[in-house]
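Shown next: work_21.txt, containing compact mmCIF, C-alpha atoms and all ligand atoms.
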```txt
# COMPACT_ATOMS: atom_id res chain seq x y z
CA MET A 1 -113.18 -127.53 -115.44
CA LYS A 2 -109.90 -126.89 -113.64
CA LYS A 3 -108.89 -124.54 -116.41
CA THR A 4 -112.18 -122.64 -116.06
CA ILE A 5 -111.69 -122.21 -112.30
CA LEU A 6 -108.11 -121.09 -112.83
CA GLY A 7 -109.29 -118.67 -115.49
CA LEU A 8 -112.00 -117.29 -113.23
CA CYS A 9 -109.48 -116.83 -110.40
CA LEU A 10 -107.16 -114.99 -112.75
CA ILE A 11 -109.95 -112.77 -114.03
CA SER A 12 -111.14 -111.98 -110.52
CA THR A 13 -107.56 -111.19 -109.42
CA LEU A 14 -107.07 -108.89 -112.40
CA TYR A 15 -110.51 -107.41 -111.80
CA SER A 16 -109.80 -106.57 -108.17
CA TYR A 17 -106.35 -105.29 -109.10
CA ALA A 18 -107.89 -102.93 -111.63
CA GLN A 19 -110.46 -101.68 -109.16
CA LYS A 20 -108.26 -99.97 -106.55
CA LEU A 21 -109.03 -96.51 -105.26
CA GLU A 22 -106.62 -93.70 -106.04
CA ILE A 23 -106.24 -90.14 -104.75
CA ILE A 24 -104.89 -87.20 -106.71
CA PRO A 25 -104.49 -83.94 -104.77
CA LEU A 26 -105.40 -80.69 -106.55
CA GLY A 27 -104.35 -78.75 -103.46
CA VAL A 28 -102.81 -79.70 -100.13
CA TYR A 29 -102.35 -76.67 -97.83
CA GLY A 30 -104.66 -75.18 -95.22
CA GLY A 31 -104.09 -71.53 -96.05
CA GLY A 32 -101.53 -69.04 -97.28
CA ILE A 33 -100.97 -70.25 -100.84
CA GLU A 34 -104.19 -69.60 -102.76
CA SER A 35 -103.12 -71.83 -105.67
CA ASN A 36 -102.68 -74.92 -103.45
CA LEU A 37 -105.60 -75.31 -101.01
CA SER A 38 -107.39 -78.49 -99.88
CA CYS A 39 -108.85 -80.56 -102.74
CA TYR A 40 -108.41 -84.34 -103.26
CA LEU A 41 -109.78 -86.25 -106.23
CA ILE A 42 -110.83 -89.77 -105.26
CA GLY A 43 -111.88 -92.46 -107.72
CA VAL A 44 -111.19 -95.92 -109.06
CA GLU A 45 -107.92 -96.16 -111.02
CA GLU A 46 -108.29 -95.66 -114.78
CA SER A 47 -112.01 -94.84 -114.42
CA GLN A 48 -111.58 -91.11 -115.14
CA SER A 49 -114.43 -90.61 -112.67
CA TYR A 50 -113.63 -88.71 -109.50
CA ILE A 51 -115.31 -86.98 -106.60
CA ALA A 52 -113.49 -83.88 -105.35
CA LEU A 53 -113.13 -84.01 -101.57
CA ASP A 54 -113.20 -80.28 -100.81
CA ALA A 55 -112.51 -77.73 -103.51
CA GLY A 56 -110.14 -75.04 -102.22
CA THR A 57 -108.08 -75.07 -105.41
CA ILE A 58 -109.31 -76.55 -108.69
CA ARG A 59 -107.80 -75.09 -111.87
CA ALA A 60 -104.24 -74.52 -110.63
CA GLY A 61 -104.27 -78.11 -109.31
CA ILE A 62 -105.61 -79.54 -112.58
CA GLU A 63 -102.81 -77.75 -114.43
CA LYS A 64 -100.29 -79.42 -112.08
CA THR A 65 -101.78 -82.86 -112.87
CA ILE A 66 -101.14 -82.20 -116.56
CA GLU A 67 -97.63 -80.84 -115.89
CA HIS A 68 -96.76 -83.98 -113.86
CA ARG A 69 -98.39 -86.24 -116.51
CA THR A 70 -100.82 -87.62 -113.95
CA PHE A 71 -103.49 -86.89 -116.54
CA ASN A 72 -103.00 -86.63 -120.27
CA THR A 73 -105.91 -84.47 -121.40
CA THR A 74 -107.15 -80.89 -121.29
CA THR A 75 -107.96 -78.75 -118.24
CA GLU A 76 -111.56 -78.38 -119.49
CA ASN A 77 -112.02 -82.15 -119.85
CA ILE A 78 -110.80 -82.80 -116.31
CA LEU A 79 -112.93 -80.01 -114.83
CA GLN A 80 -116.08 -80.82 -116.76
CA ASN A 81 -115.91 -84.61 -117.24
CA TYR A 82 -113.47 -86.24 -114.80
CA ILE A 83 -114.88 -84.46 -111.72
CA LYS A 84 -118.35 -86.00 -111.23
CA GLY A 85 -119.23 -84.11 -108.05
CA TYR A 86 -117.97 -82.36 -104.94
CA PHE A 87 -118.04 -83.29 -101.27
CA ILE A 88 -117.49 -80.16 -99.19
CA SER A 89 -116.53 -80.71 -95.54
CA HIS A 90 -117.42 -77.23 -94.26
CA GLY A 91 -117.99 -73.69 -95.43
CA HIS A 92 -114.54 -72.13 -95.02
CA LEU A 93 -113.11 -70.49 -98.16
CA ASP A 94 -109.96 -72.63 -98.25
CA HIS A 95 -112.27 -75.64 -98.86
CA LEU A 96 -114.58 -74.31 -101.58
CA SER A 97 -113.26 -71.13 -103.24
CA GLY A 98 -111.95 -73.09 -106.27
CA LEU A 99 -115.44 -74.48 -106.91
CA ILE A 100 -117.02 -71.03 -106.80
CA ILE A 101 -114.45 -69.29 -109.01
CA ASN A 102 -114.61 -72.06 -111.65
CA SER A 103 -118.41 -72.46 -111.58
CA PRO A 104 -119.05 -70.58 -114.88
CA ASP A 105 -116.80 -73.07 -116.76
CA ASP A 106 -117.92 -76.22 -114.91
CA SER A 107 -120.53 -78.77 -116.02
CA ARG A 108 -123.74 -79.89 -114.23
CA LYS A 109 -122.97 -82.02 -111.17
CA PRO A 110 -123.94 -82.59 -107.53
CA ILE A 111 -122.53 -80.95 -104.39
CA TYR A 112 -122.70 -83.34 -101.41
CA GLY A 113 -122.64 -82.03 -97.86
CA LEU A 114 -124.28 -82.06 -94.46
CA PRO A 115 -127.18 -79.56 -94.30
CA PHE A 116 -125.06 -76.89 -92.56
CA VAL A 117 -122.65 -76.91 -95.54
CA ILE A 118 -125.45 -76.61 -98.11
CA ASP A 119 -126.79 -73.67 -96.07
CA VAL A 120 -123.45 -71.85 -96.36
CA PHE A 121 -123.57 -72.15 -100.18
CA LYS A 122 -127.19 -70.92 -100.21
CA ASN A 123 -126.81 -68.11 -97.69
CA ASN A 124 -123.26 -66.87 -98.23
CA TYR A 125 -121.73 -67.65 -101.61
CA PHE A 126 -124.30 -68.52 -104.27
CA ARG A 127 -126.15 -65.23 -103.80
CA ASN A 128 -126.40 -62.28 -106.15
CA SER A 129 -124.48 -60.03 -103.76
CA SER A 130 -121.39 -62.28 -103.75
CA TRP A 131 -121.64 -64.36 -107.00
CA ALA A 132 -124.41 -65.77 -109.20
CA ASN A 133 -126.60 -68.57 -107.83
CA PHE A 134 -125.15 -71.64 -109.55
CA GLY A 135 -126.89 -73.82 -106.92
CA SER A 136 -130.24 -75.61 -107.24
CA GLU A 137 -131.99 -73.74 -104.41
CA GLY A 138 -131.99 -70.31 -102.80
CA GLU A 139 -132.02 -66.79 -104.19
CA LYS A 140 -133.47 -66.22 -107.69
CA PRO A 141 -132.46 -66.41 -110.49
CA ILE A 142 -131.47 -70.04 -109.87
CA ILE A 143 -128.99 -71.30 -112.49
CA GLY A 144 -129.15 -74.85 -111.08
CA LYS A 145 -125.80 -76.13 -112.37
CA TYR A 146 -125.00 -77.73 -109.00
CA GLN A 147 -127.62 -80.00 -107.41
CA TYR A 148 -127.44 -79.81 -103.64
CA LYS A 149 -127.43 -83.24 -101.99
CA ALA A 150 -128.00 -82.76 -98.26
CA LEU A 151 -126.69 -85.80 -96.39
CA SER A 152 -127.45 -87.43 -93.04
CA PRO A 153 -124.60 -88.70 -90.84
CA TYR A 154 -123.94 -92.48 -90.85
CA GLN A 155 -126.26 -93.06 -93.86
CA THR A 156 -124.84 -94.75 -96.95
CA PHE A 157 -125.39 -92.89 -100.23
CA GLU A 158 -124.23 -93.28 -103.82
CA LEU A 159 -121.79 -90.91 -105.44
CA GLU A 160 -123.51 -90.34 -108.79
CA ASN A 161 -121.73 -91.33 -112.02
CA THR A 162 -119.10 -93.33 -110.11
CA SER A 163 -119.09 -96.86 -108.68
CA LEU A 164 -118.50 -95.45 -105.19
CA THR A 165 -120.68 -95.19 -102.10
CA ALA A 166 -120.00 -93.16 -98.95
CA GLU A 167 -121.05 -92.17 -95.47
CA VAL A 168 -120.40 -88.87 -93.72
CA PHE A 169 -119.74 -87.92 -90.09
CA GLU A 170 -119.96 -84.68 -88.19
CA LEU A 171 -116.81 -83.05 -86.78
CA SER A 172 -116.20 -80.16 -84.39
CA HIS A 173 -114.15 -77.23 -85.76
CA VAL A 174 -114.08 -74.69 -82.89
CA ASN A 175 -117.16 -75.88 -81.05
CA PRO A 176 -120.04 -75.15 -81.88
CA GLN A 177 -118.77 -74.64 -85.48
CA LYS A 178 -118.98 -77.88 -87.43
CA SER A 179 -117.06 -79.67 -90.14
CA SER A 180 -117.36 -83.19 -91.58
CA ALA A 181 -115.57 -86.36 -92.66
CA ILE A 182 -116.42 -88.83 -95.44
CA LEU A 183 -115.81 -92.58 -95.63
CA VAL A 184 -115.58 -93.57 -99.32
CA ARG A 185 -116.16 -97.17 -100.32
CA ASN A 186 -115.28 -99.12 -103.45
CA ASN A 187 -116.21 -102.83 -103.16
CA ASP A 188 -114.41 -103.92 -99.95
CA GLU A 189 -111.93 -101.05 -99.95
CA TYR A 190 -112.40 -97.89 -97.85
CA ILE A 191 -110.66 -94.51 -97.54
CA LEU A 192 -111.53 -91.98 -94.83
CA TYR A 193 -111.14 -88.23 -95.45
CA PHE A 194 -111.41 -85.61 -92.71
CA GLY A 195 -112.20 -81.95 -93.19
CA ASP A 196 -110.77 -79.58 -90.59
CA THR A 197 -111.18 -80.88 -87.06
CA GLY A 198 -110.10 -80.24 -83.51
CA ALA A 199 -109.29 -83.03 -81.02
CA ASP A 200 -112.15 -84.32 -78.84
CA ARG A 201 -110.49 -83.21 -75.59
CA VAL A 202 -109.90 -79.65 -76.83
CA GLU A 203 -113.30 -79.36 -78.55
CA LYS A 204 -115.10 -81.02 -75.60
CA THR A 205 -116.95 -83.40 -77.94
CA ASP A 206 -116.80 -87.12 -78.76
CA ASN A 207 -117.15 -86.82 -82.55
CA LEU A 208 -113.78 -88.37 -83.33
CA ASN A 209 -114.17 -91.12 -80.78
CA LYS A 210 -117.50 -92.13 -82.36
CA ILE A 211 -115.79 -92.34 -85.78
CA TRP A 212 -112.91 -94.38 -84.33
CA GLU A 213 -115.39 -96.84 -82.83
CA TYR A 214 -117.22 -97.08 -86.16
CA ILE A 215 -114.14 -97.70 -88.32
CA ALA A 216 -112.12 -99.88 -85.91
CA PRO A 217 -113.47 -103.16 -87.41
CA LEU A 218 -112.60 -101.94 -90.93
CA ILE A 219 -109.04 -101.24 -89.79
CA GLN A 220 -108.77 -104.66 -88.15
CA ASN A 221 -110.01 -106.36 -91.33
CA LYS A 222 -107.57 -104.29 -93.44
CA ASN A 223 -110.46 -102.91 -95.51
CA LEU A 224 -109.57 -99.36 -94.54
CA HIS A 225 -105.94 -98.69 -95.41
CA THR A 226 -105.77 -94.91 -95.77
CA ILE A 227 -106.88 -91.96 -93.64
CA LEU A 228 -106.46 -88.35 -94.76
CA ILE A 229 -106.43 -86.09 -91.73
CA GLU A 230 -105.26 -82.60 -90.98
CA VAL A 231 -102.31 -81.39 -88.91
CA SER A 232 -102.33 -77.60 -89.20
CA PHE A 233 -99.87 -76.50 -86.52
CA PRO A 234 -96.68 -77.73 -84.80
CA ASN A 235 -96.77 -78.85 -81.16
CA LEU A 236 -95.71 -75.43 -79.92
CA GLN A 237 -99.07 -73.89 -80.87
CA PRO A 238 -100.96 -73.20 -77.61
CA GLU A 239 -104.18 -75.21 -77.20
CA ASN A 240 -106.23 -72.02 -76.84
CA LYS A 241 -104.96 -70.85 -80.26
CA LEU A 242 -105.70 -73.97 -82.34
CA TYR A 243 -108.91 -72.61 -83.95
CA GLY A 244 -110.31 -76.13 -84.28
CA HIS A 245 -107.21 -77.82 -85.70
CA LEU A 246 -104.77 -80.61 -84.80
CA THR A 247 -101.06 -80.69 -83.91
CA PRO A 248 -98.82 -83.80 -84.16
CA ASN A 249 -99.35 -84.49 -80.43
CA LEU A 250 -103.13 -84.15 -80.72
CA LEU A 251 -103.21 -86.47 -83.74
CA GLN A 252 -101.19 -88.94 -81.67
CA GLU A 253 -103.69 -88.58 -78.81
CA GLU A 254 -106.52 -89.47 -81.20
CA LEU A 255 -104.61 -92.33 -82.89
CA THR A 256 -103.96 -93.82 -79.45
CA LYS A 257 -107.72 -94.28 -79.06
CA LEU A 258 -108.03 -95.79 -82.54
CA ASP A 259 -105.10 -98.13 -81.89
CA HIS A 260 -106.78 -99.36 -78.73
CA LEU A 261 -110.21 -99.79 -80.36
CA SER A 262 -108.74 -101.64 -83.37
CA ASN A 263 -106.81 -104.05 -81.16
CA HIS A 264 -103.43 -102.55 -82.14
CA SER A 265 -103.88 -102.85 -85.92
CA LEU A 266 -102.48 -99.47 -86.99
CA GLU A 267 -99.04 -100.61 -88.10
CA GLY A 268 -98.46 -99.75 -91.76
CA ILE A 269 -101.72 -97.86 -92.24
CA ASN A 270 -101.38 -94.79 -94.51
CA ILE A 271 -101.97 -91.50 -92.70
CA VAL A 272 -101.99 -88.74 -95.29
CA ILE A 273 -101.32 -85.40 -93.60
CA THR A 274 -103.46 -82.61 -95.04
CA HIS A 275 -103.98 -78.90 -94.34
CA LEU A 276 -100.44 -77.95 -93.26
CA LYS A 277 -100.25 -74.19 -92.84
CA PRO A 278 -97.16 -73.05 -94.74
CA LYS A 279 -95.99 -70.24 -92.44
CA GLY A 280 -92.27 -69.85 -91.68
CA ASP A 281 -90.67 -73.30 -91.23
CA GLN A 282 -93.83 -74.84 -89.71
CA ILE A 283 -94.11 -77.56 -92.35
CA LYS A 284 -90.60 -78.84 -91.69
CA ILE A 285 -91.26 -78.86 -87.94
CA ILE A 286 -94.60 -80.68 -88.28
CA LYS A 287 -92.99 -83.40 -90.45
CA GLN A 288 -90.15 -83.85 -87.94
CA GLU A 289 -92.52 -83.99 -84.99
CA LEU A 290 -94.70 -86.64 -86.66
CA GLU A 291 -91.86 -88.84 -87.82
CA SER A 292 -89.76 -88.66 -84.65
CA ASN A 293 -92.65 -89.90 -82.50
CA ASN A 294 -94.48 -92.71 -84.30
CA PRO A 295 -95.25 -95.40 -81.70
CA PHE A 296 -97.89 -97.17 -83.84
CA LYS A 297 -95.57 -97.36 -86.87
CA VAL A 298 -98.09 -95.74 -89.23
CA ASN A 299 -96.97 -94.68 -92.70
CA TYR A 300 -97.08 -90.87 -92.80
CA ILE A 301 -97.54 -89.45 -96.30
CA PHE A 302 -97.21 -85.78 -97.22
CA PRO A 303 -99.20 -85.28 -100.41
CA GLU A 304 -97.99 -83.22 -103.37
CA GLN A 305 -100.22 -81.14 -105.62
CA GLY A 306 -100.92 -82.84 -108.95
CA LYS A 307 -99.18 -86.11 -108.09
CA LYS A 308 -101.06 -89.34 -107.36
CA ILE A 309 -100.63 -90.29 -103.68
CA PRO A 310 -98.52 -93.48 -103.39
CA LEU A 311 -100.83 -95.80 -101.42
ZN ZN B 1 -109.28 -75.21 -93.67
ZN ZN B 2 -111.86 -74.60 -91.57
```

Would you write the structure of this file as structure tokens?
Ligand SMILES: [Zn+2]
Ligand SMILES: [Zn+2]
Amino acid sequence: MKKTILGLCLISTLYSYAQKLEIIPLGVYGGGIESNLSCYLIGVEESQSYIALDAGTIRAGIEKTIEHRTFNTTTENILQNYIKGYFISHGHLDHLSGLIINSPDDSRKPIYGLPFVIDVFKNNYFRNSSWANFGSEGEKPIIGKYQYKALSPYQTFELENTSLTAEVFELSHVNPQKSSAILVRNNDEYILYFGDTGADRVEKTDNLNKIWEYIAPLIQNKNLHTILIEVSFPNLQPENKLYGHLTPNLLQEELTKLDHLSNHSLEGINIVITHLKPKGDQIKIIKQELESNNPFKVNYIFPEQGKKIPL
């Protein structure tokens, strides 16, 4: 009997060890370099089943994963079989152009998004005047390769052909323009990904604060260990020229609220900085500004294209 219990414990330990989430970036910047724009594959380790969180760059990022030996297979296999679907945070080109350009070579799969994102695909991109309609609705002829899955905020849904579930939240990206975030869940493990967003004070909204309130218990319980969030500009960027983005100081302002709501549980949490705009020496400055002022002792991570993020 003792042996059985010990065996079961061992199996369950191995099981939970094997079931961790991983993130592999196919693109990390928020503009400028067209071969390296926002796209993060999220899935359970070894499952070869991923959801792409945004899709600014696909093929050039896949090729980097092969170059860095993150994956050991063909570009076509990763594009068609590893990527089980896309979550698109908002309609800007740096978040979806890779999906559109690669659509003729892709396989059938869903596109998840809030209704305003699905509308951008239907009304702007998957139209005969700009491309062919690879979507499942809209202008005829409808090719129907991508099934639109219109989501509702704060409602749990399943990510098809994976073991993951998720919830999405609305963000403000130059009010009244919107963007969105997604909270991905695998068993009792969570990762939160933000599309482009401004700070609540600058955007005159409470979208971020509502998310902080919602996730604070998950942070306290250590179920949520990683947040991917944008910092597009250094602190010098004037607040009236942020175009719905964050600076290191504004991220700090938001984290201060989360720290308070989570009863000071932020120490050691992974904050993956996305969407850096690679102009001049901005990236160097942003990294310095984040690391030189880190009162909550979070673990800042700067992701690299094609390399698994060390979580
Ligand atoms: Zn962007
Ligand atoms: Zn944007």

- Point-to-point distance in Å for atom CA of His95 of chain A and atom CA of Asn133 of chain A: 18.3 Å

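Nearest residue to Val117 of chain A among A:Asp281, A:Glu253, A:Glu289, A:Glu170 is A:Glu170, counting all atoms listed in the file.
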
Closest pair table for chain A residues within 7 Å of ligand ZN 2 (chain B), all atoms listed in the file, as JSON lines:
```
{"residue": "A:His90", "atom": "CA", "partner": "B:ZN2", "partner_atom": "ZN", "distance": 6.7}
{"residue": "A:His92", "atom": "CA", "partner": "B:ZN2", "partner_atom": "ZN", "distance": 5.0}
{"residue": "A:His173", "atom": "CA", "partner": "B:ZN2", "partner_atom": "ZN", "distance": 6.8}
{"residue": "A:Asp196", "atom": "CA", "partner": "B:ZN2", "partner_atom": "ZN", "distance": 5.2}
```

- Message: Restricting the calculation to all atoms listed in the file: of A:Lys149, A:Lys307, A:Lys178, A:Lys222, which residue gets closest to ligand ZN 1 (chain B)?
- Response: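 The answer is A:Lys178, which sits nearest to ligand ZN 1 (chain B).
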
- Message: Which residues are near ligand ZN 1 (chain B) in this structure, taking near to mean any atom at most 8 Å from a ligand atom and counting only C-alpha atoms and all ligand atoms? Format them as a list of chain:residue names.
- Response: A:Gly30, A:Gly31, A:Ser38, A:His92, A:Leu93, A:Asp94, A:His95, A:Gly195, A:Asp196, A:His275

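Take the candidates A:Gly135, A:Gly32, A:Pro295, A:Gly244 and check each one against Gly280 of chain A using only C-alpha atoms; the shortest distance goes to A:Gly32.
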
- Query: segment 51-60 of chain A: which residues within 7 Å, counting only C-alpha atoms, same-chain residues fewer than 5 positions away excluded, as a PyMOL selection string?
  - Reply: chain A and resi 26-27+35-43+83-89+93-99

- Note on the structure: Of A:Pro234, A:Asp200, A:Ile33, A:Ala181, the one sitting nearest Gln288 of chain A when using all atoms listed in the file is A:Pro234

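Atom CA of Gly61 of chain A lies 7.4 Å from atom CA of Pro25 of chain A.
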
- Query: By how many Å are atom CA of Leu255 of chain A and atom CA of Thr156 of chain A apart?
  - Reply: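 Separating atom CA of Leu255 of chain A from atom CA of Thr156 of chain A is a distance of 24.8 Å.
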
- Message: I'd like the contact shell of segment 130-132 of chain A - 9 Å cut-off, all atoms listed in the file, skipping same-chain residues fewer than 4 positions apart - returned as a list in words.
- Response: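 Here the answer would be Ile100, Ile101, Asn124, Tyr125, Phe126, Pro141, Ile142 and Ile143 of chain A.
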
- Near Asn123 of chain A, within 9 Å and counting all atoms listed in the file, which residues show up once chain neighbours fewer than 5 positions away are dropped, as a list in words?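 Using all atoms listed in the file, the neighbours found are Ile118, Gly138 and Glu139 of chain A.
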
- Query: Which neighbours of Ile269 of chain A fall inside 6 Å, counting all atoms listed in the file, when residues of the same chain fewer than 3 positions from it are skipped, and could you give them as a PyMOL selection string?
  - Reply: chain A and resi 225+266+298-299

- Counting only C-alpha atoms, the residue of A:Lys109, A:Lys122, A:His68, A:His245 that sits nearest Val174 of chain A: A:His245

What would segment 186-197 of chain A look like with N, CA, C and O atoms restored, written as an mmCIF file, keeping the file's coordinate frame?
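Listing of rebuild-v1.cif after writing:
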```cif
data_model
loop_
_atom_site.group_PDB
_atom_site.id
_atom_site.type_symbol
_atom_site.label_atom_id
_atom_site.label_comp_id
_atom_site.auth_asym_id
_atom_site.auth_seq_id
_atom_site.Cartn_x
_atom_site.Cartn_y
_atom_site.Cartn_z
ATOM 1 N N ASN A 186 -115.276 -98.493 -102.127
ATOM 2 C CA ASN A 186 -115.280 -99.120 -103.450
ATOM 3 C C ASN A 186 -115.137 -100.616 -103.221
ATOM 4 O O ASN A 186 -114.090 -101.085 -102.772
ATOM 5 N N ASN A 187 -116.177 -101.395 -103.497
ATOM 6 C CA ASN A 187 -116.210 -102.830 -103.160
ATOM 7 C C ASN A 187 -115.859 -103.020 -101.682
ATOM 8 O O ASN A 187 -116.529 -102.471 -100.828
ATOM 9 N N ASP A 188 -114.748 -103.721 -101.363
ATOM 10 C CA ASP A 188 -114.410 -103.920 -99.950
ATOM 11 C C ASP A 188 -113.249 -103.028 -99.511
ATOM 12 O O ASP A 188 -112.589 -103.288 -98.521
ATOM 13 N N GLU A 189 -113.018 -101.964 -100.263
ATOM 14 C CA GLU A 189 -111.930 -101.050 -99.950
ATOM 15 C C GLU A 189 -112.500 -99.700 -99.483
ATOM 16 O O GLU A 189 -113.424 -99.165 -100.100
ATOM 17 N N TYR A 190 -111.904 -99.144 -98.419
ATOM 18 C CA TYR A 190 -112.400 -97.890 -97.850
ATOM 19 C C TYR A 190 -111.261 -96.876 -97.687
ATOM 20 O O TYR A 190 -110.128 -97.260 -97.352
ATOM 21 N N ILE A 191 -111.590 -95.600 -97.867
ATOM 22 C CA ILE A 191 -110.660 -94.510 -97.540
ATOM 23 C C ILE A 191 -111.461 -93.457 -96.768
ATOM 24 O O ILE A 191 -112.597 -93.142 -97.125
ATOM 25 N N LEU A 192 -110.849 -92.951 -95.693
ATOM 26 C CA LEU A 192 -111.530 -91.980 -94.830
ATOM 27 C C LEU A 192 -110.862 -90.616 -94.967
ATOM 28 O O LEU A 192 -109.651 -90.496 -94.790
ATOM 29 N N TYR A 193 -111.655 -89.591 -95.295
ATOM 30 C CA TYR A 193 -111.140 -88.230 -95.450
ATOM 31 C C TYR A 193 -111.772 -87.310 -94.405
ATOM 32 O O TYR A 193 -113.000 -87.275 -94.265
ATOM 33 N N PHE A 194 -110.928 -86.572 -93.700
ATOM 34 C CA PHE A 194 -111.410 -85.610 -92.710
ATOM 35 C C PHE A 194 -111.292 -84.183 -93.242
ATOM 36 O O PHE A 194 -110.239 -83.795 -93.762
ATOM 37 N N GLY A 195 -112.342 -83.398 -93.068
ATOM 38 C CA GLY A 195 -112.200 -81.950 -93.190
ATOM 39 C C GLY A 195 -111.517 -81.441 -91.929
ATOM 40 O O GLY A 195 -111.076 -82.220 -91.083
ATOM 41 N N ASP A 196 -111.437 -80.137 -91.768
ATOM 42 C CA ASP A 196 -110.770 -79.580 -90.590
ATOM 43 C C ASP A 196 -111.444 -80.102 -89.316
ATOM 44 O O ASP A 196 -112.670 -80.196 -89.241
ATOM 45 N N THR A 197 -110.627 -80.398 -88.321
ATOM 46 C CA THR A 197 -111.180 -80.880 -87.060
ATOM 47 C C THR A 197 -110.260 -80.579 -85.891
ATOM 48 O O THR A 197 -109.043 -80.607 -86.045
#
```
